[in-house]
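Enquirer: Starting off with a structure, shown below.
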Amino acid sequence: MCTLSWWIGQEARGVFFNRDEKRTRSRGQPPEVVASQQGELLMPVDPDAGGTWIGANQHGVIIALLNNYPHYQEARPEQHSRGQLVVELLKHARSAAECMTLLAGETLSRYRGFLLFAMDSETNPLAVEWAGKKLEPIPLLEAGGLHLLTTSSVRREECEKYRRHLFCCEAHTPDYLRAKHQHFQAEDPALGPLMVRDDAATDSIVEIRLDPNEVDMQFQSTSGYPPQLSAPLTAKLPRFVGR
């Protein structure tokens, strides 16, 4: 239950991410800088699992994870947190390609199904799907140049079709994508990227911008019906430059 899009400019690039969650889970917490032996990470925090659904590191690598409904979602006692997987990849990956190499070395049977997206400041972004058997690459640039990943636990095909049509434009600029991520379909509130159901709703919208010298992350929580966005909270992380 999430929607991710991205844009690539001349000197900067970035990602938008709508986190949709069940109402029984805790609200996502604003971004913070987390120190590790490999360098600092910038990420919002999932209070229930202690990990994150999206983050960036000082090498300018963005990693994001979407739940892969309905594939491989059944609970098992040996499972590990997918949010902690994102944190571990952020600690070690110096590029999107290295992220995928590290992921391929994981014992993936420990994790429920997911889509994982990685982008750095130099190359085209990469994405893979884990559905319980093996990692499968996801082609990101579809016909028309669509820059979108989205999933839903309810009416998945219908929701994906609606959101793909909504984002169907070649002019993927930050302003354009920001407006689409804030789109609420009042006649059928489950359809849009800013979604509301009885059992779940969009928890927050995260925007990450990779500039040559820093990572900028903006976080807005959502609440109410129709959903309202909070004032943006911004955090920054200096990048390693020339290393």
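We label chains A, B, ... in the order they appear in the structure tokens, count residues from 1 in each chain, and number ligands from 1 in the order shown.
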Gly28 of chain A: which residues within 7 Å, counting only C-alpha atoms, same-chain residues fewer than 4 positions away excluded, as a PyMOL selection string?
Expert: chain A and resi 44-47+203
Enquirer: If you run DSSP on this backbone, which residues of segment 55-95 of chain A come out as strand (DSSP E), and could you give them as a VMD selection string?
Expert: chain A and resid 55 to 57 62 to 67
Enquirer: Can you tell me which residues surround Leu166 of chain A at a distance of at most 10 Å, considering only C-alpha atoms, apart from same-chain residues fewer than 6 positions away, and format the answer as a list in words?
Expert: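 Result of the neighbour search: Glu160, Lys180, His181, His183, Gly192 and Pro193 of chain A.
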Enquirer: Nearest to Thr123 of chain A: which of A:Ala104, A:Ile54, A:Cys159, A:Ala97 is it, counting only C-alpha atoms?
Expert: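 Among the listed residues, the smallest separation from Thr123 of chain A belongs to A:Ala97.
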Enquirer: Ranking A:Tyr69, A:Gly83, A:Gly55, A:Leu108 by minimum distance to Cys2 of chain A and counting only C-alpha atoms, which one comes first?
Expert: A:Tyr69
Enquirer: Quick one, how far is atom CA of Glu106 of chain A from atom CA of Glu40 of chain A?
Expert: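 Taking atom CA of Glu106 of chain A and atom CA of Glu40 of chain A, their separation equals 22.1 Å.
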